[in-house]
Amino acid sequence: MQSTSHAFKDNARAALANQTLQKAMKHVKSGFIDKRAKARARLPEFDALRDEARDIKNHTLANLDFYLERYEEKVTASGGEVHWTATAEDAVKAVLDICRRVDAKVVTKGKSMISEEIALNQAMEDAGLDVVETDLGEYIIQLRKEPPSHIIAPAVHLTKEQVEADFRHHHQELPSERQLSEPVQLVAEARQMLRRRFLEADVGITGANFLVAETGTSIIVTNEGNGDLTQTLPRVHIVVASLEKVVPNLEDATTILRVLARSATGQEFSSYTTLSTGPRRPEDLDGPEEYHVILLDNGRSNMLGGDFQDMLRCIRCGACMNHCPVYHAVGGHAYGWVYPGPMGSVLTPNLIGVDEAGHLPNASTFCGRCEAVCPMRIPLPKMMRHWREREFERHLSPPAVRIGLGLWAFLARRPKLYHFVTGWQARLLARFGRARGRFDALPLARGWTKHRDFPAPEGKTFQQLWAERQESQAKGKSAS
Amino acid sequence: MSSSKQQILAAVRRSLRREQPDEATRAELEQRLGAPHANLVPQRAQVSHAEQLDMMESMLKELSATVVRLDSEAQVPQAVADYLKNENLPPQVRMAPRDDLRQLPWDGQPLLEIAEGIAAAEDATSVTGAFAGIAETGTLMMASGPEAPVTLNFLPENHVVVLRASQVTGTYEEAWVRLRQEVGPGKMPRAVNMITGPSRTGDIEQTILLGAHGPRRLHVLLVDDRDTAAG
Ligand code: SF4
């Protein structure tokens with residue numbers, strides 16, 4: 001998909017002014033956060049499981065070459081085929097080659113962020129294939145020709161009125177006087193429309209939440225059951241997955257599964273966790289005749305061993321965006337590419353470059369909630385800071401920021417001067433602000449004062465107050 | 001393709017700043033893969049089997065599944081007929097082709113039409129067995145095979161599962177151990193479906209609704225087979 005990440009500021013401004021979006025986004029704030037908190041409270045071992053989940057992925061990443069090779073051996077032994085692909089283009093080509101060879105016409109898809117990342121739908125449509133997204137949210141945004149705005153709830157930016165309008169527009173064959181204002185009616189209609197497509201599909205494409213080296217198994221986690229129909233009914237099942245999805249054993253996948261659904265939707269376990277190993281066996285009555293795994297690098301091997309390796313632990317649960325005040329305010333589309341929210345701010349510059357996505361790491365208040373809820377304990381704010389540093393080094397940040405930071409750095413390296421200057425500033429601001437206790441405009445701080453007042457200082461710096469406090473405490477102690 | 005493989009593995013090793021893992025590391029990794037061990041397992045389901053059965057039932061109900069407990073297998077046909085009647089469903093089922101289901105006293109239900117095999121688009125109700133029940137989250141584990149076609153778990157709107165008490169474990173880990181005993185270490189059935197309640201979606205304004213694409217109703221007949229299992 002074409003990125004608009006470079007225009008984050010404009011995107012965000014438009015999003016804030018969009019009333020329908022703001023209405024839809026209310027559901028994110030109230031829904032996900034409470035549910036996760038309840039699920040966590042119900043499982044006393046939850047935080048200890050997060051530690052284990054982190055350690056499992058760290059171990060796997062440190063031995064990634066070994067596990068990938070063992071995984072491939074097992075897939076081959078079960079009659080499937082692994083296609084190693086270095087870039088998005090290679091992956092798209094591998095999928096198209098398979099579709100062409102089996103003479104596919106209709107392709108169904110389970111929700112897969114990786115297929116968004118490599119812009120698979122567009123390529124398949126260009127090749128003349130009839131591509132059908134089957135996850136309800138993905139189906140809706142496919143009708144609207146929009147990208148997803150959330151990694152687990154792709155249509156979370158829409159209201160039910162919008163969905164009704166889309167269904168009425170696209171399902172013209174259904175009676176126009178039908179009732180369609182309630183979510184239950186919309187879900188029933190989507191079920192009815194998609195049923196036929198499932199049955200006529202030649203190829204089914206899914207992503208994978210895990211690849212298991214022990215057994216050569218791919219695992220998908222869904223709630224609707226669409227992924228299962230997608231991979232069971234057609235002749236060919238293609239899994240598209242990136243390198244870091246591999247884990248050693250079923251037990252390792254299990255540990256991570258225990259934190260995945262709880263973090264994502266607050267469910268104890270998602271409705272359907274499905275493990276697939278190879279194609280239909282000779283004695284089987286159903287299942288695909290061919291099983292392919294497109295194993296994609298697309299920048300992952302580069303992230304390994306560097307500042308952003310921790311990001312490779314991400315299991316795409318969405319908790320970080322569910323808890324992010326910036327995401328709540330602007331929604332997913334403002335981030336301009338496939339992955340929104342804090343995880344997107346870290347991942348996107350890795351995948352499409354800091355020139356295009358360098359603004360995203362600034363879309364953070366550094367409140368730290370994302371890291372606090374991340375089931376894989378990924379230090380998201382720290383990594384956003386890494387990007388900001390790089391942005392600064394590469395002279396991508398605006399001059400005002402550069403000069404300001406340069407001045408601060410000059411002072412910070414000279415403590416005496418620093419204390420003198422800040423003490424002088426505090427006194428000055430206190431004198432001017434005394435009357436009202438705040439400023440509604442300040443030179444060099446218009447970005448702040450345009451939206452809120454700047455409180456006037458009391459006349460002393462934090463360091464001065466701290467020193468006084470320490471002193472009086474020391475006195476108090478010696479007195480007792 | 002194999003050149004892409006070499007290229008990717010080389011890039012991974014470059015980032016890991018080493019060549020192949022050394023002998024000692026490799027032996028350790030082989031050991032880890034070959035002799036899988038459980039990680040931290042929550043206390044919740046590490047209780048007596050009777051308590052696990054109760055937990056299985058209450059978890060399923062919490063998930064909006066329905067559960068009926070039966071004292072013996074012989075009661076299954078009657079329970080299936082009752083369910084269809086109560087839910088106003090046609091007296092027709094698509095049944096998994098397995099002997100233990102086939103041998104049940106279906107002739108006591110002359111009105112019930114039973115067909116075996118994979119699910120067809122028009123089938124309203126399926127009846128299947130299960131490989132295990134996992135009390136921890138009320139999860140049913142299905143292992144595919146000639147006696148357990150996968151389509152039966154997903155296509156019909158109503159899914160009736162015959163789960164034996166002896167198949168109920170506390171945790172996922174116990175189910176993996178049983179599965180390895182059944183199919184051999186390092187092997188898997190083509191599909192293992194872990195089913196936790198009926199199909200659901202929250203994609204429209206976060207309203208949770210059942211029956212998105214898979215079954216709208218999940219009905220579990222929990223059969224007490226423990227005496228027969230012991231004897
Ligand atoms: S970064 Fe953490 S919280 Fe965010 S999607 Fe990934 S695993 Fe979930």
# chains A, B, ... in the order shown; residues from 1 in each chain; ligands from 1
$ interface_residues --of "chain A" --to "chain B" --cutoff "7 Å" --atoms "only C-alpha atoms" --output "ChimeraX atom specification"
/A:24,27,31,45,49,62,65,83-86,136-137,153,155-156,159-160,183-184,187,191,214-215,223-226,229,248-249,251,255,268-280,283-286,301-302,304-305
$ residues_near_ligand --ligand "ligand 1" --cutoff "6 Å" --atoms "only C-alpha atoms and all ligand atoms" --output "mmCIF file with C-alpha atoms, in the first residue's frame"
data_model
loop_
_atom_site.group_PDB
_atom_site.id
_atom_site.type_symbol
_atom_site.label_atom_id
_atom_site.label_comp_id
_atom_site.auth_asym_id
_atom_site.auth_seq_id
_atom_site.Cartn_x
_atom_site.Cartn_y
_atom_site.Cartn_z
ATOM 1 C CA CYS A 314 5.602 -8.481 18.671
ATOM 2 C CA ILE A 315 2.620 -10.824 18.397
ATOM 3 C CA ARG A 316 0.311 -8.196 16.852
ATOM 4 C CA CYS A 317 -2.166 -8.195 19.730
ATOM 5 C CA GLY A 318 -3.022 -4.500 19.422
ATOM 6 C CA ALA A 319 -2.867 -3.778 23.165
ATOM 7 C CA CYS A 320 -0.385 -0.931 22.665
ATOM 8 C CA MET A 343 4.008 -0.676 17.457
ATOM 9 C CA CYS A 374 2.613 -5.097 25.963
ATOM 10 C CA PRO A 375 2.391 -8.846 26.616
ATOM 11 C CA MET A 376 5.837 -9.337 25.083
ATOM 12 C CA ILE A 378 8.612 -4.641 24.235
#
$ residues_around --residues "segment 14-18 of chain A" --least-positions-apart "6" --cutoff "9 Å" --atoms "only C-alpha atoms" --output "MDAnalysis selection string"
chainID A and resid 329:331 333:334
$ write_last_selection --atoms "N, CA, C and O atoms" --output "tab-separated table (two decimals), in the first residue's frame"
chain	number	residue	atom	x	y	z
A	329	ALA	N	-7.00	9.40	19.80
A	329	ALA	CA	-7.38	10.72	19.29
A	329	ALA	C	-7.43	10.74	17.77
A	329	ALA	O	-8.33	11.37	17.21
A	330	VAL	N	-6.50	10.06	17.10
A	330	VAL	CA	-6.43	10.23	15.64
A	330	VAL	C	-6.81	9.00	14.84
A	330	VAL	O	-6.99	9.07	13.63
A	331	GLY	N	-6.94	7.82	15.51
A	331	GLY	CA	-7.29	6.61	14.77
A	331	GLY	C	-6.11	6.07	13.98
A	331	GLY	O	-5.03	6.67	13.96
A	333	HIS	N	-5.71	5.40	10.60
A	333	HIS	CA	-5.34	5.83	9.24
A	333	HIS	C	-4.33	6.97	9.23
A	333	HIS	O	-3.56	7.11	8.30
A	334	ALA	N	-4.34	7.78	10.28
A	334	ALA	CA	-3.43	8.92	10.32
A	334	ALA	C	-1.97	8.47	10.24
A	334	ALA	O	-1.13	9.19	9.73
$ closest_residue --among "B:Leu179, B:Leu53, B:Val162, B:Ala65" --to "Leu104 of chain B" --atoms "only C-alpha atoms"
B:Val162
$ closest_residue --among "A:Leu158, A:Ala253, A:Val212, A:Ile219" --to "Val28 of chain A" --atoms "only C-alpha atoms"
A:Leu158
$ residues_around --residues "Gln103 of chain B" --least-positions-apart "3" --cutoff "12 Å" --atoms "only C-alpha atoms" --output "JSON list (two decimals) with C-alpha atoms, in the first residue's frame"
[["chain", "number", "residue", "atom", "x", "y", "z"],
["B", 73, "GLU", "CA", -23.20, -42.80, 26.15],
["B", 74, "ALA", "CA", -26.50, -44.53, 25.56],
["B", 76, "VAL", "CA", -26.58, -39.36, 23.51],
["B", 77, "PRO", "CA", -29.19, -40.00, 20.76],
["B", 97, "PRO", "CA", -17.97, -41.12, 10.54],
["B", 98, "ARG", "CA", -16.67, -42.78, 13.68],
["B", 99, "ASP", "CA", -17.57, -46.12, 15.20],
["B", 100, "ASP", "CA", -18.15, -44.92, 18.73],
["B", 106, "TRP", "CA", -29.90, -44.24, 17.31],
["B", 107, "ASP", "CA", -32.79, -46.60, 16.47]]
$ residues_around --residues "Ser181 of chain A" --least-positions-apart "4" --cutoff "12 Å" --atoms "only C-alpha atoms" --output "PyMOL selection string"
(chain A and resi 159-168+177+185-189) or (chain B and resi 204)
$ select_by_dssp --residues "segment 4-186 of chain B" --states "strand (DSSP E)" --output "ChimeraX atom specification"
/B:66-70,92-95,113-116,125-128,132-134,139-143,158-164,168-169
$ write_last_selection --atoms "N, CA, C and O atoms" --output "short mmCIF file (atom, residue, chain, number, x, y, z; two decimals), in the first residue's frame"
data_model
loop_
_atom_site.label_atom_id
_atom_site.label_comp_id
_atom_site.auth_asym_id
_atom_site.auth_seq_id
_atom_site.Cartn_x
_atom_site.Cartn_y
_atom_site.Cartn_z
N THR B 66 -23.73 -24.24 25.23
CA THR B 66 -24.64 -24.92 26.15
C THR B 66 -24.06 -26.30 26.46
O THR B 66 -23.35 -26.88 25.64
N VAL B 67 -24.37 -26.80 27.66
CA VAL B 67 -23.79 -28.07 28.10
C VAL B 67 -24.88 -28.92 28.74
O VAL B 67 -25.68 -28.43 29.52
N VAL B 68 -24.89 -30.20 28.39
CA VAL B 68 -25.76 -31.15 29.09
C VAL B 68 -24.87 -32.29 29.57
O VAL B 68 -24.04 -32.79 28.80
N ARG B 69 -25.00 -32.66 30.84
CA ARG B 69 -24.19 -33.77 31.34
C ARG B 69 -25.01 -35.05 31.29
O ARG B 69 -26.16 -35.07 31.71
N LEU B 70 -24.39 -36.09 30.76
CA LEU B 70 -25.08 -37.38 30.61
C LEU B 70 -24.35 -38.44 31.43
O LEU B 70 -23.12 -38.40 31.54
N GLN B 92 -32.38 -33.41 11.43
CA GLN B 92 -31.38 -33.98 10.52
C GLN B 92 -30.01 -33.58 11.04
O GLN B 92 -29.81 -32.42 11.40
N VAL B 93 -29.10 -34.54 11.06
CA VAL B 93 -27.73 -34.19 11.45
C VAL B 93 -26.72 -34.81 10.49
O VAL B 93 -26.97 -35.84 9.87
N ARG B 94 -25.59 -34.13 10.37
CA ARG B 94 -24.44 -34.70 9.65
C ARG B 94 -23.47 -35.17 10.73
O ARG B 94 -23.02 -34.37 11.55
N MET B 95 -23.21 -36.48 10.74
CA MET B 95 -22.44 -37.03 11.85
C MET B 95 -21.03 -37.43 11.39
O MET B 95 -20.83 -37.90 10.27
N GLU B 113 -32.92 -38.03 11.12
CA GLU B 113 -32.19 -38.46 9.91
C GLU B 113 -30.70 -38.25 10.13
O GLU B 113 -30.27 -37.14 10.45
N ILE B 114 -29.92 -39.29 9.92
CA ILE B 114 -28.48 -39.16 10.15
C ILE B 114 -27.72 -39.45 8.87
O ILE B 114 -27.91 -40.48 8.24
N ALA B 115 -26.88 -38.50 8.46
CA ALA B 115 -26.00 -38.73 7.33
C ALA B 115 -24.57 -38.61 7.83
O ALA B 115 -24.29 -37.84 8.75
N GLU B 116 -23.66 -39.36 7.26
CA GLU B 116 -22.26 -39.29 7.68
C GLU B 116 -21.42 -38.61 6.61
O GLU B 116 -21.79 -38.55 5.45
N THR B 125 -26.91 -28.90 11.14
CA THR B 125 -26.36 -29.36 12.42
C THR B 125 -25.36 -30.49 12.20
O THR B 125 -25.61 -31.41 11.41
N SER B 126 -24.23 -30.41 12.89
CA SER B 126 -23.27 -31.51 12.85
C SER B 126 -23.15 -32.13 14.24
O SER B 126 -23.40 -31.46 15.25
N VAL B 127 -22.81 -33.41 14.26
CA VAL B 127 -22.51 -34.09 15.52
C VAL B 127 -21.12 -34.69 15.38
O VAL B 127 -20.85 -35.44 14.43
N THR B 128 -20.22 -34.31 16.28
CA THR B 128 -18.85 -34.82 16.20
C THR B 128 -18.38 -35.28 17.58
O THR B 128 -19.02 -34.98 18.59
N ALA B 132 -10.02 -33.81 22.91
CA ALA B 132 -9.84 -33.47 24.32
C ALA B 132 -10.71 -32.27 24.67
O ALA B 132 -11.14 -31.51 23.79
N GLY B 133 -10.96 -32.12 25.95
CA GLY B 133 -11.58 -30.90 26.46
C GLY B 133 -10.58 -30.29 27.43
O GLY B 133 -9.96 -31.02 28.22
N ILE B 134 -10.36 -29.00 27.36
CA ILE B 134 -9.36 -28.37 28.21
C ILE B 134 -10.08 -27.42 29.17
O ILE B 134 -10.61 -26.38 28.76
N THR B 139 -11.99 -25.13 26.42
CA THR B 139 -11.62 -25.30 25.02
C THR B 139 -11.78 -26.76 24.57
O THR B 139 -11.37 -27.67 25.28
N LEU B 140 -12.39 -26.95 23.41
CA LEU B 140 -12.48 -28.28 22.82
C LEU B 140 -11.34 -28.45 21.83
O LEU B 140 -11.09 -27.55 21.03
N MET B 141 -10.64 -29.60 21.90
CA MET B 141 -9.58 -29.82 20.93
C MET B 141 -10.00 -30.92 19.97
O MET B 141 -10.33 -32.03 20.37
N MET B 142 -10.03 -30.58 18.68
CA MET B 142 -10.40 -31.53 17.64
C MET B 142 -9.15 -31.90 16.85
O MET B 142 -8.41 -31.00 16.44
N ALA B 143 -8.92 -33.18 16.63
CA ALA B 143 -7.79 -33.61 15.82
C ALA B 143 -8.34 -34.21 14.54
O ALA B 143 -9.10 -35.17 14.57
N ASN B 158 -25.03 -25.15 13.65
CA ASN B 158 -25.14 -25.74 14.98
C ASN B 158 -24.17 -26.90 15.09
O ASN B 158 -24.15 -27.78 14.23
N HIS B 159 -23.37 -26.90 16.13
CA HIS B 159 -22.35 -27.94 16.29
C HIS B 159 -22.59 -28.63 17.63
O HIS B 159 -22.52 -28.00 18.68
N VAL B 160 -22.89 -29.94 17.56
CA VAL B 160 -23.08 -30.73 18.78
C VAL B 160 -21.84 -31.60 18.97
O VAL B 160 -21.44 -32.32 18.05
N VAL B 161 -21.23 -31.49 20.13
CA VAL B 161 -19.98 -32.22 20.38
C VAL B 161 -20.19 -33.23 21.50
O VAL B 161 -20.68 -32.87 22.58
N VAL B 162 -19.84 -34.47 21.23
CA VAL B 162 -19.89 -35.50 22.26
C VAL B 162 -18.51 -35.57 22.91
O VAL B 162 -17.54 -35.99 22.28
N LEU B 163 -18.43 -35.10 24.13
CA LEU B 163 -17.15 -35.05 24.84
C LEU B 163 -17.21 -36.01 26.03
O LEU B 163 -18.12 -35.93 26.86
N ARG B 164 -16.25 -36.91 26.08
CA ARG B 164 -16.24 -37.87 27.19
C ARG B 164 -15.47 -37.29 28.37
O ARG B 164 -14.44 -36.65 28.18
N VAL B 168 -11.38 -35.03 29.22
CA VAL B 168 -11.19 -33.68 29.78
C VAL B 168 -9.89 -33.62 30.58
O VAL B 168 -9.66 -34.43 31.48
N THR B 169 -9.04 -32.66 30.21
CA THR B 169 -7.79 -32.41 30.94
C THR B 169 -7.90 -31.04 31.60
O THR B 169 -8.84 -30.28 31.33
#
